[in-house]
Amino acid sequence: MDKEQLHEYRKKRNFRISSEPKGKSLKKKKDKLIFVVQEHHASHLHYDFRLEWDGVLKSWAVPKGPSLDPKVKRLAVQTEDHPLEYAKFEGEIPKGEYGAGEVFIWDAGTWEAEVEDIDEALEKGNLKFKLKGKKLKGSFVLVRTHYNESRNKNWLLIKHKESAEKKLH
Ligand code: MN
């Protein structure tokens, strides 16, 4: 997480009041990329979908939560990058603070990109990936509602249909 990203994350929060991690700018070295979905009982219940990439958690707020039905498209509003440590966070964000309410880990695991260039996919707004979680498994896509408009924060999270062949295994 670079300084600018960390600053944006920190300026919204009061760490003397909230037990959320303050974040480090250090990049962790490990081979598998993690993902987490946090059920967040804020003023409106939503599910924070986070993918580790480039030392941070790329984050989207999914009001209805991820769906395993390939026919269902779920709105996913991109939010600020979070520090990697946030993937472990569960607890109560105090009243009056940014995102006040309880946070539970709804699912977690690892992910793999199904695109050549993750940075380009994020920039253009079409990221295909595979999740290996407890609840979420298989291929998904995150696609920006207006392709190539990097300022647009609205994406759709959609389960990819597995091929018939894959289903046999
Ligand atoms: Mn949230």
# chains A, B, ... in the order shown; residues from 1 in each chain; ligands from 1

call {"tool": "residues_around", "arguments": {"residues": "His160 (chain A)", "least_positions_apart": "3", "cutoff": "6 Å", "atoms": "only C-alpha atoms", "output": "list in words"}}
result
Pro70, Ser139 and Phe140 of chain A

call {"tool": "residues_around", "arguments": {"residues": "His82 (chain A)", "least_positions_apart": "4", "cutoff": "12 Å", "atoms": "only C-alpha atoms", "output": "JSON, numbers by chain"}}
result
{"A": [1, 2, 3, 4, 5, 6, 7, 8, 9, 10, 12, 13, 20, 21, 22, 23, 24, 25, 35, 36, 48, 49, 50, 51, 52, 53, 54, 55, 56, 57, 58, 59, 60, 78, 86, 87, 88, 89]}

call {"tool": "write_last_selection", "arguments": {"atoms": "N, CA and C atoms", "output": "CSV table (one decimal), in the first residue's frame"}}
result
chain,number,residue,atom,x,y,z
A,1,MET,N,0.9,-1.2,0.0
A,1,MET,CA,0.0,0.0,0.0
A,1,MET,C,0.9,1.2,0.0
A,2,ASP,N,0.7,2.1,-1.0
A,2,ASP,CA,1.6,3.3,-1.0
A,2,ASP,C,1.0,4.4,0.0
A,3,LYS,N,1.8,5.4,0.2
A,3,LYS,CA,1.5,6.4,1.2
A,3,LYS,C,0.2,7.1,0.9
A,4,GLU,N,-0.1,7.4,-0.4
A,4,GLU,CA,-1.3,8.1,-0.8
A,4,GLU,C,-2.5,7.2,-0.5
A,5,GLN,N,-2.5,5.9,-0.8
A,5,GLN,CA,-3.6,5.0,-0.5
A,5,GLN,C,-3.8,4.9,1.0
A,6,LEU,N,-2.7,4.8,1.7
A,6,LEU,CA,-2.8,4.7,3.2
A,6,LEU,C,-3.4,6.0,3.8
A,7,HIS,N,-3.0,7.1,3.2
A,7,HIS,CA,-3.5,8.3,3.7
A,7,HIS,C,-5.1,8.4,3.5
A,8,GLU,N,-5.5,8.0,2.3
A,8,GLU,CA,-6.9,8.1,2.1
A,8,GLU,C,-7.7,7.2,3.0
A,9,TYR,N,-7.2,6.0,3.3
A,9,TYR,CA,-7.8,5.1,4.2
A,9,TYR,C,-7.8,5.6,5.6
A,10,ARG,N,-6.7,6.2,6.0
A,10,ARG,CA,-6.6,6.7,7.4
A,10,ARG,C,-7.4,7.9,7.7
A,12,LYS,N,-10.2,8.8,6.9
A,12,LYS,CA,-11.6,8.6,7.1
A,12,LYS,C,-11.9,8.0,8.5
A,13,ARG,N,-10.8,7.6,9.2
A,13,ARG,CA,-11.0,6.9,10.4
A,13,ARG,C,-10.3,7.5,11.6
A,20,GLU,N,-10.2,-0.8,14.1
A,20,GLU,CA,-9.8,-1.2,12.8
A,20,GLU,C,-8.3,-1.1,12.7
A,21,PRO,N,-7.6,-1.9,11.9
A,21,PRO,CA,-6.2,-1.7,11.7
A,21,PRO,C,-5.8,-0.4,11.1
A,22,LYS,N,-4.7,0.2,11.6
A,22,LYS,CA,-4.2,1.4,11.1
A,22,LYS,C,-3.5,1.3,9.7
A,23,GLY,N,-3.0,0.1,9.5
A,23,GLY,CA,-2.3,-0.2,8.2
A,23,GLY,C,-0.9,0.1,8.2
A,24,LYS,N,-0.2,-0.7,7.5
A,24,LYS,CA,1.3,-0.5,7.3
A,24,LYS,C,1.5,-0.3,5.8
A,25,SER,N,2.6,0.4,5.5
A,25,SER,CA,2.8,0.6,4.1
A,25,SER,C,3.7,-0.6,3.5
A,35,PHE,N,-8.4,-13.3,-0.7
A,35,PHE,CA,-9.6,-12.5,-0.8
A,35,PHE,C,-10.4,-12.6,0.5
A,36,VAL,N,-11.3,-11.7,0.7
A,36,VAL,CA,-12.2,-11.7,1.9
A,36,VAL,C,-13.5,-11.0,1.5
A,48,ASP,N,-18.5,-6.3,2.0
A,48,ASP,CA,-17.3,-5.7,1.4
A,48,ASP,C,-16.4,-6.8,0.8
A,49,PHE,N,-16.3,-6.7,-0.5
A,49,PHE,CA,-15.6,-7.7,-1.3
A,49,PHE,C,-14.2,-7.2,-1.6
A,50,ARG,N,-13.2,-7.9,-1.1
A,50,ARG,CA,-11.8,-7.4,-1.2
A,50,ARG,C,-10.8,-8.5,-1.8
A,51,LEU,N,-10.1,-8.0,-2.8
A,51,LEU,CA,-9.1,-8.9,-3.4
A,51,LEU,C,-7.7,-8.3,-3.2
A,52,GLU,N,-6.8,-9.1,-2.7
A,52,GLU,CA,-5.4,-8.7,-2.5
A,52,GLU,C,-4.8,-8.4,-3.9
A,53,TRP,N,-4.3,-7.3,-4.1
A,53,TRP,CA,-3.5,-7.0,-5.3
A,53,TRP,C,-2.5,-5.9,-5.0
A,54,ASP,N,-1.2,-6.1,-5.4
A,54,ASP,CA,-0.2,-5.1,-5.3
A,54,ASP,C,0.0,-4.6,-3.9
A,55,GLY,N,-0.1,-5.5,-2.9
A,55,GLY,CA,0.1,-5.0,-1.5
A,55,GLY,C,-1.0,-4.4,-0.8
A,56,VAL,N,-2.2,-4.3,-1.5
A,56,VAL,CA,-3.4,-3.7,-0.9
A,56,VAL,C,-4.6,-4.7,-1.1
A,57,LEU,N,-5.7,-4.3,-0.5
A,57,LEU,CA,-6.9,-5.0,-0.8
A,57,LEU,C,-7.8,-4.1,-1.6
A,58,LYS,N,-7.9,-4.5,-2.9
A,58,LYS,CA,-8.9,-3.7,-3.8
A,58,LYS,C,-10.3,-4.0,-3.3
A,59,SER,N,-11.1,-3.0,-3.1
A,59,SER,CA,-12.3,-3.2,-2.4
A,59,SER,C,-13.6,-2.7,-3.1
A,60,TRP,N,-14.6,-3.5,-2.9
A,60,TRP,CA,-15.9,-3.1,-3.5
A,60,TRP,C,-17.0,-3.4,-2.4
A,78,GLN,N,-17.0,0.3,-6.1
A,78,GLN,CA,-15.6,0.3,-5.7
A,78,GLN,C,-15.3,1.4,-4.6
A,86,TYR,N,-6.5,-5.6,6.9
A,86,TYR,CA,-8.0,-5.5,7.1
A,86,TYR,C,-8.7,-6.8,6.8
A,87,ALA,N,-8.1,-7.7,6.1
A,87,ALA,CA,-8.7,-9.0,5.8
A,87,ALA,C,-9.0,-9.8,7.0
A,88,LYS,N,-8.3,-9.5,8.1
A,88,LYS,CA,-8.5,-10.2,9.4
A,88,LYS,C,-9.5,-9.5,10.3
A,89,PHE,N,-9.9,-8.3,9.9
A,89,PHE,CA,-10.7,-7.5,10.8
A,89,PHE,C,-12.1,-8.0,11.0

call {"tool": "residues_near_ligand", "arguments": {"ligand": "ligand 1", "cutoff": "12 Å", "atoms": "only C-alpha atoms and all ligand atoms", "output": "count of residues only"}}
result
42

call {"tool": "closest_residue", "arguments": {"among": "A:Asp117, A:Glu112, A:Glu162, A:Asp31", "to": "Asp69 (chain A)", "atoms": "only C-alpha atoms"}}
result
A:Glu162

call {"tool": "atom_distance", "arguments": {"atom1": "CA of Ile158 (chain A)", "atom2": "CA of Lys132 (chain A)"}}
result
15.5 Å

call {"tool": "residues_around", "arguments": {"residues": "Leu136 (chain A)", "least_positions_apart": "3", "cutoff": "8 Å", "atoms": "only C-alpha atoms", "output": "count of residues only"}}
result
5

call {"tool": "closest_residue", "arguments": {"among": "A:Gly125, A:Gly109, A:Gly138, A:Gly91", "to": "Lys159 (chain A)", "atoms": "only C-alpha atoms"}}
result
A:Gly138

call {"tool": "select_by_dssp", "arguments": {"residues": "chain A", "states": "strand (DSSP E)", "output": "ChimeraX atom specification"}}
result
/A:33-41,45-53,56-62,73-83,91-93,101-113,126-133,137-144,154-159
